[in-house]
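Asker: The structure under discussion is supplied below as structure tokens; questions concerning it will follow.
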Amino acid sequence: MPAYMISRATVTCRDKFEEYIAKTRTVASKFDAKPIAIGANPKMLNGEKDVHGMVFVIEFESMEMLDRWHISDEYTALIPLPEEGSDQHMVAYDSSG
């Protein structure tokens, strides 16, 4: 059953964040990750204003595969980049509904 990683981010250092995105795409592809949506400039439909200007929705074949990506040596080596280049919040969901 598919699982989804959703990241909301506000970029604070464009160079660091762009490096993170480029390298993360390479690593995530090894775990068969598929970008579902990448968006900017949210339009609020209800609720409180989202303070983040970007969102990324990435599909993995399962929560197990998503977890394997997230704890992989390749991905954990990249963690300083978003910490230095953004305010980012990530969450994972399975599609069990």
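Ligands are numbered from 1 in the order shown, chains are lettered A, B, ... in the order of the structure tokens, and residues start at 1 in each chain.
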DSSP on the backbone, strand (DSSP E) only: what residues of chain A does that give? Format it as number ranges by chain.
Answerer: A: 3-11, 34-40, 54-60, 86-94
Asker: Near segment 49-51 of chain A, within 9 Å and counting only C-alpha atoms, which residues show up once chain neighbours fewer than 5 positions away are dropped, as a PDB file with N, CA and C atoms, in the first residue's frame?
Answerer:
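Now in part.pdb:
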```pdb
ATOM      1  N   ARG A   8       6.448  20.523   4.151  1.00  0.00           N
ATOM      2  CA  ARG A   8       6.121  21.942   4.001  1.00  0.00           C
ATOM      3  C   ARG A   8       7.370  22.702   4.383  1.00  0.00           C
ATOM      4  N   ALA A   9       7.765  23.665   3.557  1.00  0.00           N
ATOM      5  CA  ALA A   9       9.040  24.343   3.794  1.00  0.00           C
ATOM      6  C   ALA A   9       8.956  25.826   3.473  1.00  0.00           C
ATOM      7  N   THR A  10       9.749  26.569   4.244  1.00  0.00           N
ATOM      8  CA  THR A  10      10.037  27.962   3.947  1.00  0.00           C
ATOM      9  C   THR A  10      11.538  28.037   3.732  1.00  0.00           C
ATOM     10  N   PRO A  42       0.829  28.878  -1.384  1.00  0.00           N
ATOM     11  CA  PRO A  42      -0.443  28.227  -1.066  1.00  0.00           C
ATOM     12  C   PRO A  42      -1.616  29.209  -1.023  1.00  0.00           C
ATOM     13  N   LYS A  43      -2.750  28.715  -1.448  1.00  0.00           N
ATOM     14  CA  LYS A  43      -4.008  29.457  -1.353  1.00  0.00           C
ATOM     15  C   LYS A  43      -4.840  28.747  -0.285  1.00  0.00           C
ATOM     16  N   MET A  44      -5.069  29.403   0.813  1.00  0.00           N
ATOM     17  CA  MET A  44      -5.805  28.793   1.914  1.00  0.00           C
ATOM     18  C   MET A  44      -7.286  28.699   1.559  1.00  0.00           C
TER      19      MET A  44
END
```
Asker: For Ser96 of chain A, list every protein, DNA or RNA residue within 9 Å, evaluated using only C-alpha atoms, and leave out those in the same chain fewer than 4 positions away; present the list as a list in words.
Answerer: Met1, Pro2 and Ala3 of chain A
Asker: How would you write, as number ranges by chain, the set of residues in chain A that DSSP gives as alpha helix (DSSP H)?
Answerer: A: 14-29, 63-71, 73-76, 80-85
Asker: Print the selection's residues with N, CA and C atoms to a file, as a tab-separated table (two decimals), in the first residue's frame.
Answerer:
```tsv
chain	number	residue	atom	x	y	z
A	14	ARG	N	18.53	29.83	-0.28
A	14	ARG	CA	18.18	29.19	-1.55
A	14	ARG	C	19.25	28.19	-2.01
A	15	ASP	N	20.52	28.55	-1.94
A	15	ASP	CA	21.59	27.66	-2.41
A	15	ASP	C	21.59	26.33	-1.66
A	16	LYS	N	21.50	26.37	-0.34
A	16	LYS	CA	21.49	25.14	0.47
A	16	LYS	C	20.25	24.30	0.16
A	17	PHE	N	19.10	24.97	0.03
A	17	PHE	CA	17.87	24.23	-0.20
A	17	PHE	C	17.85	23.62	-1.59
A	18	GLU	N	18.32	24.32	-2.59
A	18	GLU	CA	18.38	23.77	-3.94
A	18	GLU	C	19.34	22.59	-4.01
A	19	GLU	N	20.46	22.66	-3.29
A	19	GLU	CA	21.39	21.53	-3.23
A	19	GLU	C	20.70	20.33	-2.57
A	20	TYR	N	19.97	20.59	-1.50
A	20	TYR	CA	19.23	19.53	-0.81
A	20	TYR	C	18.22	18.86	-1.75
A	21	ILE	N	17.45	19.65	-2.46
A	21	ILE	CA	16.43	19.10	-3.37
A	21	ILE	C	17.08	18.25	-4.45
A	22	ALA	N	18.14	18.75	-5.07
A	22	ALA	CA	18.81	18.01	-6.14
A	22	ALA	C	19.35	16.67	-5.63
A	23	LYS	N	20.02	16.70	-4.50
A	23	LYS	CA	20.60	15.48	-3.95
A	23	LYS	C	19.53	14.53	-3.42
A	24	THR	N	18.48	15.07	-2.83
A	24	THR	CA	17.41	14.23	-2.32
A	24	THR	C	16.70	13.50	-3.45
A	25	ARG	N	16.50	14.16	-4.58
A	25	ARG	CA	15.86	13.49	-5.73
A	25	ARG	C	16.66	12.28	-6.16
A	26	THR	N	17.96	12.42	-6.19
A	26	THR	CA	18.83	11.29	-6.58
A	26	THR	C	18.70	10.15	-5.59
A	27	VAL	N	18.77	10.46	-4.31
A	27	VAL	CA	18.67	9.42	-3.28
A	27	VAL	C	17.28	8.79	-3.30
A	28	ALA	N	16.24	9.61	-3.35
A	28	ALA	CA	14.87	9.08	-3.31
A	28	ALA	C	14.57	8.18	-4.50
A	29	SER	N	15.16	8.47	-5.65
A	29	SER	CA	14.92	7.63	-6.82
A	29	SER	C	15.41	6.20	-6.60
A	63	MET	N	5.12	2.17	3.40
A	63	MET	CA	5.71	2.88	4.52
A	63	MET	C	7.09	2.30	4.82
A	64	GLU	N	7.24	1.01	4.62
A	64	GLU	CA	8.55	0.39	4.85
A	64	GLU	C	9.61	1.00	3.92
A	65	MET	N	9.26	1.21	2.65
A	65	MET	CA	10.21	1.80	1.71
A	65	MET	C	10.49	3.25	2.08
A	66	LEU	N	9.45	3.98	2.49
A	66	LEU	CA	9.64	5.36	2.92
A	66	LEU	C	10.59	5.40	4.12
A	67	ASP	N	10.37	4.52	5.08
A	67	ASP	CA	11.25	4.46	6.25
A	67	ASP	C	12.68	4.11	5.86
A	68	ARG	N	12.85	3.18	4.94
A	68	ARG	CA	14.20	2.80	4.49
A	68	ARG	C	14.91	4.00	3.87
A	69	TRP	N	14.17	4.79	3.07
A	69	TRP	CA	14.75	6.01	2.49
A	69	TRP	C	15.14	6.98	3.61
A	70	HIS	N	14.24	7.21	4.54
A	70	HIS	CA	14.44	8.24	5.55
A	70	HIS	C	15.61	7.93	6.49
A	71	ILE	N	15.88	6.65	6.75
A	71	ILE	CA	16.99	6.28	7.64
A	71	ILE	C	18.24	5.87	6.89
A	73	ASP	N	21.73	5.89	4.93
A	73	ASP	CA	22.95	6.69	5.09
A	73	ASP	C	23.00	7.83	4.09
A	74	GLU	N	22.53	7.56	2.86
A	74	GLU	CA	22.56	8.59	1.82
A	74	GLU	C	21.68	9.78	2.19
A	75	TYR	N	20.47	9.50	2.72
A	75	TYR	CA	19.58	10.60	3.07
A	75	TYR	C	20.03	11.30	4.36
A	76	THR	N	20.40	10.54	5.37
A	76	THR	CA	20.78	11.19	6.64
A	76	THR	C	22.00	12.08	6.46
A	80	PRO	N	21.80	18.03	7.17
A	80	PRO	CA	22.25	19.40	7.48
A	80	PRO	C	21.82	20.44	6.43
A	81	LEU	N	21.65	20.04	5.19
A	81	LEU	CA	21.28	21.02	4.15
A	81	LEU	C	19.92	21.65	4.41
A	82	PRO	N	18.84	20.89	4.65
A	82	PRO	CA	17.57	21.57	4.91
A	82	PRO	C	17.57	22.29	6.26
A	83	GLU	N	18.34	21.79	7.21
A	83	GLU	CA	18.42	22.47	8.50
A	83	GLU	C	19.07	23.84	8.36
A	84	GLU	N	20.03	23.96	7.42
A	84	GLU	CA	20.71	25.23	7.19
A	84	GLU	C	19.99	26.09	6.17
A	85	GLY	N	19.16	25.49	5.33
A	85	GLY	CA	18.56	26.23	4.22
A	85	GLY	C	17.06	26.43	4.27
```
Asker: How many Å separate atom CA of Tyr4 of chain A from atom CA of Ala37 of chain A?
Answerer: 10.8 Å
